[in-house]
Amino acid sequence: MLAPDIKNKILDFIKQRLDKEQFKTWFTQIEFVETAENDIQVPLPNVYYRDWYEKNYKNLIISALKQVLDREYKIYFLVASPGNKNQTDLFGLPVPMNTGTQTGLPDGLTPAVGPGQSEPLKGPKQIRPVINLRGQLNPHYTFDRFVVGACNRLAHAATLAVAENPSKAYNPLFIHGAVGLGKTHLLQAACWTALEKNPRLKLYYLSCENFVNDYISAVKRGACEEFRNKYRSADILAIDDIHFLGVGEKIGSQEEFFHTFNALHNAQKQIILSSDSPPQEIPTLTDRLVSRFKWGMVVRLDPPTFELRMAILKQKAELKRVSVPDDTLNFIATLIDSNIRELEGGMNKVIASASLLGRPINLALAQEALKDTGGTRTSPISVNNIQEVVSNYFNIKIAEMQSKKRVKSVSFPRQVGIYLARTLTDRSLEEIGAAFGGKDHTTVMYSVEKIKHRLHRDKEFQSTVNLLISDLKK
Ligand code: ADP
Ligand code: MG
């Protein structure tokens with residue numbers, strides 16, 4: 001094993017050159033074992049990992065070693081000996097075993113052979129993660145992490161049915177919806193489940209862009225026959241973002257896909273597609289493909305309801321093992337309402353700010369961290385905007401908010417306005433006091449505290465304030 005500080009330096013080098021997710025997935029649990037003067041071995045749980053590292057990270061690791069140790073190392077990816085029932089994979093998950101005797105390598109991948117291993121691994125096969133050509137399944141995109149609500153129930157049920165019974169439920173399955181609503185997640189969940197049920201499935205999961213590029217490169221190499229054989233031999237073909245299917249010069253790929261589709265459908269092989277719109281609304285699609293896409297089941301993902309957004313945030317907090325108060329979840333879920341990716345991003349931002357600033361996760365922190373998030377507004381929120389929205393909501397005049405009136409129907413909205421001005425703008429206590437009819441800074445502080453206190457114990461009031469904030473951000 002390399003010394004921890006050396007290993008850390010190597011990992012730092014790699015980290016700077018990969019995006020965060022990639023690094024997390026592939027390098028958090030890696031080990032480097034120095035076996036001879038210039039040899040390093042990297043133990044891996046199965047052949048899929050080995051091929052993946054070989055193809056994608058070998059050179060990077062060699063560069064890192066050279067940089068840190070100033071030596072040219074040879075690197076060997078070694079598959080741990082099979083049969084260890086307690087084995088866990090890189091994600092800390094148990095590696096599913098089956099009793100097959102094949103390696104089940106997806107085609108197009110040739111096993112790399114390290115020292116002490118003269119032929120591909122024989123014995124129990126492990127399936128996580130499966131790498132199919134250029135596609136890669138994200139280990140987090142599984143059904144158990146997909147939260148179901150009214151807006152995605154049908155899509156979820158149809159995808160699960162297809163995953164459990166490929167070619168028997170609906171063929172093709174066509175999932176559509178706007179960005180960030182879970183299409184890729186569902187598609188990959190279907191792949192994971194189908195593979196878990198039958199690890200020998202020949203499954204191709206890839207983005208439409210990769211399909212098109214693969215086709216173009218096959219044409220250039222004069223290897224169309226090979227391309228055809230490859231995709232037409234699939235048991236499951238899952239193509240993400242099919243709305244990018246060839247246009248203009250790339251129209252050939254659409255023609256090719258048409259024939260692939262027919263061949264697979266005739267052979268009762270499962271096709272799963274995702275797109276940003278329903279088939280008939282994809283402008284570049286030929287009529288014959290539009291009609292084929294409607295043969296099976298077309299399901300839509302709708303924007304998440306408030307309940308689903310809350311449930312997703314709760315799941316996320318649990319997975320990250322952080323505790324986030326309800327009022328804070330409510331705030332994030334109200335602020336970011338149309339895109340689950342952004343919702344997750346908002347939550348991450350709050351968690352990251354808490355850890356950076358060394359502060360607990362709470363509503364005030366979330367409001368600060370997400371000051372510029374949500375809505376479509378481009379100009380900063382002014383005290384005047386706040387007064388407009390608040391007076392409108394409580395049905396009083398702006399002049400009343402700025403008056404000295406102390407009846408509750410006026411003083412309460414005024415306090416809400418002051419609280420919002422304090423949290424959503426950069427104005428000082430004095431400036432805010434002045435904008436609300438010349439109140440002094442202690443009145444402003446008192447109002448803010450009072451509203452905070454109420455927010456803390458009154459859920460309905462939280463929702464009201466969150467609504468006002470999201471209104472202001474529009
Ligand atoms: P799309 O492909 O439609 O643009 P993605 O599948 O990439 O969207 O989803 C965006 C993010 O939101 C992903 O991180 C995904 O895991 C998450 N996500 C989407 N829908 C759900 C859901 N129902 N439950 C949990 N996470 C979800
Ligand atoms: Mg996607």
# chains A, B, ... in the order shown; residues from 1 in each chain; ligands from 1
$ residues_around --residues "Leu301 of chain A" --least-positions-apart "3" --cutoff "12 Å" --atoms "only C-alpha atoms" --output "JSON, numbers by chain"
{"A": [148, 149, 150, 151, 152, 153, 154, 155, 156, 157, 158, 159, 174, 175, 176, 177, 178, 179, 180, 181, 182, 183, 184, 185, 186, 274, 275, 276, 277, 278, 298, 304, 305, 338, 339, 340]}
$ write_last_selection --atoms "N, CA and C atoms" --output "short mmCIF file (atom, residue, chain, number, x, y, z; two decimals), in the first residue's frame"
data_model
loop_
_atom_site.label_atom_id
_atom_site.label_comp_id
_atom_site.auth_asym_id
_atom_site.auth_seq_id
_atom_site.Cartn_x
_atom_site.Cartn_y
_atom_site.Cartn_z
N VAL A 148 -41.55 8.55 -5.68
CA VAL A 148 -42.74 8.54 -6.53
C VAL A 148 -43.81 9.46 -5.99
N GLY A 149 -44.42 10.22 -6.88
CA GLY A 149 -45.54 11.09 -6.50
C GLY A 149 -46.51 11.15 -7.66
N ALA A 150 -47.55 11.97 -7.52
CA ALA A 150 -48.60 12.01 -8.54
C ALA A 150 -48.03 12.33 -9.92
N CYS A 151 -47.00 13.16 -9.95
CA CYS A 151 -46.53 13.66 -11.24
C CYS A 151 -45.65 12.66 -12.00
N ASN A 152 -45.22 11.60 -11.33
CA ASN A 152 -44.37 10.64 -12.06
C ASN A 152 -44.79 9.19 -11.85
N ARG A 153 -45.98 9.02 -11.22
CA ARG A 153 -46.40 7.67 -10.85
C ARG A 153 -46.53 6.74 -12.05
N LEU A 154 -47.17 7.24 -13.09
CA LEU A 154 -47.40 6.40 -14.25
C LEU A 154 -46.08 6.04 -14.94
N ALA A 155 -45.24 7.05 -15.10
CA ALA A 155 -43.95 6.81 -15.75
C ALA A 155 -43.14 5.80 -14.95
N HIS A 156 -43.18 5.95 -13.64
CA HIS A 156 -42.45 5.03 -12.77
C HIS A 156 -42.99 3.61 -12.92
N ALA A 157 -44.32 3.48 -12.87
CA ALA A 157 -44.93 2.14 -12.93
C ALA A 157 -44.62 1.48 -14.28
N ALA A 158 -44.73 2.24 -15.34
CA ALA A 158 -44.49 1.66 -16.67
C ALA A 158 -43.02 1.24 -16.81
N THR A 159 -42.13 2.06 -16.29
CA THR A 159 -40.70 1.74 -16.43
C THR A 159 -40.34 0.52 -15.60
N PHE A 174 -41.65 4.86 -24.08
CA PHE A 174 -41.19 6.20 -24.44
C PHE A 174 -41.50 7.14 -23.28
N ILE A 175 -40.45 7.66 -22.66
CA ILE A 175 -40.63 8.54 -21.49
C ILE A 175 -40.30 9.97 -21.91
N HIS A 176 -41.23 10.89 -21.70
CA HIS A 176 -40.86 12.27 -22.04
C HIS A 176 -41.18 13.24 -20.92
N GLY A 177 -40.49 14.36 -20.93
CA GLY A 177 -40.67 15.39 -19.90
C GLY A 177 -39.58 16.43 -20.02
N ALA A 178 -39.79 17.56 -19.37
CA ALA A 178 -38.83 18.66 -19.46
C ALA A 178 -37.51 18.29 -18.77
N VAL A 179 -36.52 19.15 -18.90
CA VAL A 179 -35.21 18.83 -18.30
C VAL A 179 -35.30 18.75 -16.78
N GLY A 180 -34.49 17.85 -16.25
CA GLY A 180 -34.35 17.75 -14.81
C GLY A 180 -35.52 17.09 -14.10
N LEU A 181 -36.35 16.34 -14.85
CA LEU A 181 -37.51 15.72 -14.19
C LEU A 181 -37.33 14.22 -13.94
N GLY A 182 -36.18 13.67 -14.32
CA GLY A 182 -35.94 12.27 -13.96
C GLY A 182 -35.94 11.27 -15.10
N LYS A 183 -35.84 11.73 -16.33
CA LYS A 183 -35.86 10.79 -17.46
C LYS A 183 -34.64 9.86 -17.42
N THR A 184 -33.47 10.48 -17.30
CA THR A 184 -32.25 9.68 -17.29
C THR A 184 -32.24 8.73 -16.10
N HIS A 185 -32.69 9.25 -14.96
CA HIS A 185 -32.75 8.42 -13.76
C HIS A 185 -33.63 7.19 -14.01
N LEU A 186 -34.81 7.40 -14.57
CA LEU A 186 -35.71 6.26 -14.81
C LEU A 186 -35.13 5.28 -15.82
N SER A 274 -36.03 8.06 -24.19
CA SER A 274 -36.49 9.24 -23.47
C SER A 274 -36.35 10.45 -24.38
N SER A 275 -37.15 11.47 -24.09
CA SER A 275 -37.12 12.64 -24.94
C SER A 275 -37.69 13.84 -24.19
N ASP A 276 -37.39 15.03 -24.68
CA ASP A 276 -37.93 16.22 -24.00
C ASP A 276 -39.36 16.51 -24.42
N SER A 277 -39.87 15.84 -25.44
CA SER A 277 -41.28 16.05 -25.82
C SER A 277 -41.87 14.76 -26.36
N PRO A 278 -43.20 14.71 -26.47
CA PRO A 278 -43.82 13.49 -26.99
C PRO A 278 -43.43 13.29 -28.47
N VAL A 298 -46.41 5.50 -24.14
CA VAL A 298 -45.80 6.82 -24.04
C VAL A 298 -46.18 7.39 -22.68
N PRO A 304 -42.58 18.45 -10.66
CA PRO A 304 -42.86 17.89 -9.34
C PRO A 304 -43.83 18.76 -8.53
N THR A 305 -44.73 18.11 -7.85
CA THR A 305 -45.63 18.85 -6.93
C THR A 305 -44.82 19.23 -5.68
N SER A 338 -39.57 23.81 -10.34
CA SER A 338 -39.89 23.17 -11.61
C SER A 338 -38.86 22.17 -12.09
N ASN A 339 -37.75 22.01 -11.39
CA ASN A 339 -36.68 21.18 -11.93
C ASN A 339 -36.00 20.45 -10.77
N ILE A 340 -36.04 19.12 -10.83
CA ILE A 340 -35.52 18.35 -9.69
C ILE A 340 -34.01 18.46 -9.60
#
$ residues_around --residues "Asn171 of chain A" --least-positions-apart "2" --cutoff "9 Å" --atoms "only C-alpha atoms" --output "list in words"
Val162, Pro166, Ser167, Lys168, Ala169, Leu173, Phe174, His265, Gln268, Lys269, Gln270, Ile271, Ile272, Phe293, Trp295, Gly296 and Met297 of chain A
$ write_last_selection --atoms "N, CA and C atoms" --output "compact mmCIF listing (two decimals), in the first residue's frame"
# COMPACT_ATOMS: atom_id res chain seq x y z
N VAL A 162 -41.52 -2.59 -17.36
CA VAL A 162 -40.63 -2.93 -18.47
C VAL A 162 -39.32 -3.53 -17.95
N PRO A 166 -38.81 -7.30 -19.52
CA PRO A 166 -38.44 -6.69 -20.79
C PRO A 166 -39.15 -7.39 -21.96
N SER A 167 -39.57 -6.62 -22.91
CA SER A 167 -40.24 -7.08 -24.14
C SER A 167 -41.64 -7.63 -23.90
N LYS A 168 -42.04 -7.74 -22.65
CA LYS A 168 -43.37 -8.32 -22.41
C LYS A 168 -44.38 -7.26 -22.01
N ALA A 169 -43.91 -6.20 -21.38
CA ALA A 169 -44.86 -5.20 -20.89
C ALA A 169 -45.23 -4.23 -22.01
N LEU A 173 -40.95 1.60 -24.80
CA LEU A 173 -41.39 2.50 -23.73
C LEU A 173 -40.80 3.86 -24.05
N PHE A 174 -41.65 4.86 -24.08
CA PHE A 174 -41.19 6.20 -24.44
C PHE A 174 -41.50 7.14 -23.28
N HIS A 265 -37.61 -4.66 -32.64
CA HIS A 265 -39.03 -4.83 -32.33
C HIS A 265 -39.52 -6.16 -32.88
N GLN A 268 -38.66 -8.98 -30.85
CA GLN A 268 -39.19 -8.83 -29.49
C GLN A 268 -38.11 -8.49 -28.47
N LYS A 269 -37.27 -7.56 -28.85
CA LYS A 269 -36.27 -7.04 -27.91
C LYS A 269 -36.75 -5.67 -27.44
N GLN A 270 -36.41 -5.38 -26.19
CA GLN A 270 -36.96 -4.17 -25.56
C GLN A 270 -36.25 -2.89 -26.02
N ILE A 271 -37.06 -1.89 -26.32
CA ILE A 271 -36.50 -0.57 -26.66
C ILE A 271 -37.05 0.43 -25.63
N ILE A 272 -36.17 1.22 -25.05
CA ILE A 272 -36.61 2.26 -24.09
C ILE A 272 -36.02 3.58 -24.55
N PHE A 293 -42.86 5.09 -32.39
CA PHE A 293 -42.63 5.43 -30.99
C PHE A 293 -43.92 5.36 -30.18
N TRP A 295 -46.19 2.99 -30.64
CA TRP A 295 -46.70 1.61 -30.63
C TRP A 295 -46.85 1.05 -29.23
N GLY A 296 -45.91 1.37 -28.38
CA GLY A 296 -45.92 0.76 -27.05
C GLY A 296 -46.61 1.68 -26.07
N MET A 297 -45.83 2.22 -25.17
CA MET A 297 -46.39 3.07 -24.13
C MET A 297 -45.64 4.40 -24.12
$ closest_residue --among "A:Leu201, A:Leu319, A:Val389, A:Ile361" --to "ligand 1" --atoms "only C-alpha atoms and all ligand atoms"
A:Leu319
$ closest_residue --among "A:Asp327, A:Leu424, A:Gln22, A:Glu400" --to "Glu460 of chain A" --atoms "only C-alpha atoms"
A:Asp327
$ residues_around --residues "Lys450 of chain A" --least-positions-apart "3" --cutoff "12 Å" --atoms "only C-alpha atoms" --output "list in words"
Ser411, Phe412, Pro413, Arg414, Gln415, Val416, Ile418, Tyr419, Thr443, Val444, Met445, Tyr446, Ser447, His453, Arg454, Leu455, His456 and Arg457 of chain A
$ atom_distance --atom1 "atom CA of Ile10 of chain A" --atom2 "atom CA of Arg71 of chain A"
12.7 Å
$ closest_residue --among "A:Lys74, A:Lys220, A:His243, A:Lys15" --to "Asn38 of chain A" --atoms "only C-alpha atoms"
A:Lys74
$ atom_distance --atom1 "atom CA of Tyr57 of chain A" --atom2 "atom CA of Phe32 of chain A"
13.4 Å
$ residues_around --residues "Phe331 of chain A" --least-positions-apart "5" --cutoff "8 Å" --atoms "only C-alpha atoms" --output "list in words"
Leu363, Ala366, Gln367, Gln462, Ser463 and Asn466 of chain A
$ atom_distance --atom1 "atom 12 (O, counted along the ligand's line) of ligand 1" --atom2 "atom CA of Phe211 of chain A"
23.3 Å
$ decode --residues "segment 129-181 of chain A" --atoms "C-alpha atoms" --output "PDB file, in the first residue's frame"
ATOM      1  CA  PRO A 129     -21.458  -1.324 -12.460  1.00  0.00           C
ATOM      2  CA  VAL A 130     -22.086  -2.471 -15.985  1.00  0.00           C
ATOM      3  CA  ILE A 131     -20.410  -0.465 -18.628  1.00  0.00           C
ATOM      4  CA  ASN A 132     -21.763  -0.707 -22.062  1.00  0.00           C
ATOM      5  CA  LEU A 133     -19.519   0.825 -24.634  1.00  0.00           C
ATOM      6  CA  ARG A 134     -19.636   4.526 -24.119  1.00  0.00           C
ATOM      7  CA  GLY A 135     -22.596   4.432 -21.834  1.00  0.00           C
ATOM      8  CA  GLN A 136     -22.180   4.296 -18.135  1.00  0.00           C
ATOM      9  CA  LEU A 137     -24.844   3.633 -15.582  1.00  0.00           C
ATOM     10  CA  ASN A 138     -24.809   5.952 -12.627  1.00  0.00           C
ATOM     11  CA  PRO A 139     -24.903   3.799  -9.480  1.00  0.00           C
ATOM     12  CA  HIS A 140     -27.273   6.272  -7.835  1.00  0.00           C
ATOM     13  CA  TYR A 141     -29.916   6.131 -10.541  1.00  0.00           C
ATOM     14  CA  THR A 142     -31.862   3.167  -9.228  1.00  0.00           C
ATOM     15  CA  PHE A 143     -35.538   2.635  -8.481  1.00  0.00           C
ATOM     16  CA  ASP A 144     -35.015   2.675  -4.751  1.00  0.00           C
ATOM     17  CA  ARG A 145     -33.768   6.222  -5.003  1.00  0.00           C
ATOM     18  CA  PHE A 146     -36.576   7.390  -7.231  1.00  0.00           C
ATOM     19  CA  VAL A 147     -39.251   9.098  -5.170  1.00  0.00           C
ATOM     20  CA  VAL A 148     -42.736   8.536  -6.531  1.00  0.00           C
ATOM     21  CA  GLY A 149     -45.541  11.089  -6.501  1.00  0.00           C
ATOM     22  CA  ALA A 150     -48.603  12.010  -8.539  1.00  0.00           C
ATOM     23  CA  CYS A 151     -46.525  13.658 -11.244  1.00  0.00           C
ATOM     24  CA  ASN A 152     -44.371  10.643 -12.058  1.00  0.00           C
ATOM     25  CA  ARG A 153     -46.397   7.673 -10.849  1.00  0.00           C
ATOM     26  CA  LEU A 154     -47.403   6.399 -14.251  1.00  0.00           C
ATOM     27  CA  ALA A 155     -43.949   6.813 -15.755  1.00  0.00           C
ATOM     28  CA  HIS A 156     -42.449   5.033 -12.775  1.00  0.00           C
ATOM     29  CA  ALA A 157     -44.926   2.139 -12.934  1.00  0.00           C
ATOM     30  CA  ALA A 158     -44.489   1.656 -16.669  1.00  0.00           C
ATOM     31  CA  THR A 159     -40.701   1.740 -16.434  1.00  0.00           C
ATOM     32  CA  LEU A 160     -40.652  -0.704 -13.561  1.00  0.00           C
ATOM     33  CA  ALA A 161     -42.937  -3.069 -15.473  1.00  0.00           C
ATOM     34  CA  VAL A 162     -40.627  -2.930 -18.470  1.00  0.00           C
ATOM     35  CA  ALA A 163     -37.528  -3.437 -16.338  1.00  0.00           C
ATOM     36  CA  GLU A 164     -39.008  -6.475 -14.666  1.00  0.00           C
ATOM     37  CA  ASN A 165     -40.412  -7.965 -17.849  1.00  0.00           C
ATOM     38  CA  PRO A 166     -38.443  -6.689 -20.792  1.00  0.00           C
ATOM     39  CA  SER A 167     -40.235  -7.082 -24.137  1.00  0.00           C
ATOM     40  CA  LYS A 168     -43.370  -8.320 -22.412  1.00  0.00           C
ATOM     41  CA  ALA A 169     -44.860  -5.202 -20.892  1.00  0.00           C
ATOM     42  CA  TYR A 170     -44.635  -2.315 -23.351  1.00  0.00           C
ATOM     43  CA  ASN A 171     -42.439  -1.996 -26.373  1.00  0.00           C
ATOM     44  CA  PRO A 172     -41.154   0.575 -26.969  1.00  0.00           C
ATOM     45  CA  LEU A 173     -41.392   2.496 -23.733  1.00  0.00           C
ATOM     46  CA  PHE A 174     -41.193   6.196 -24.442  1.00  0.00           C
ATOM     47  CA  ILE A 175     -40.630   8.544 -21.490  1.00  0.00           C
ATOM     48  CA  HIS A 176     -40.860  12.270 -22.041  1.00  0.00           C
ATOM     49  CA  GLY A 177     -40.669  15.385 -19.901  1.00  0.00           C
ATOM     50  CA  ALA A 178     -38.828  18.658 -19.460  1.00  0.00           C
ATOM     51  CA  VAL A 179     -35.213  18.829 -18.298  1.00  0.00           C
ATOM     52  CA  GLY A 180     -34.349  17.745 -14.808  1.00  0.00           C
ATOM     53  CA  LEU A 181     -37.505  15.716 -14.191  1.00  0.00           C
TER      54      LEU A 181
END
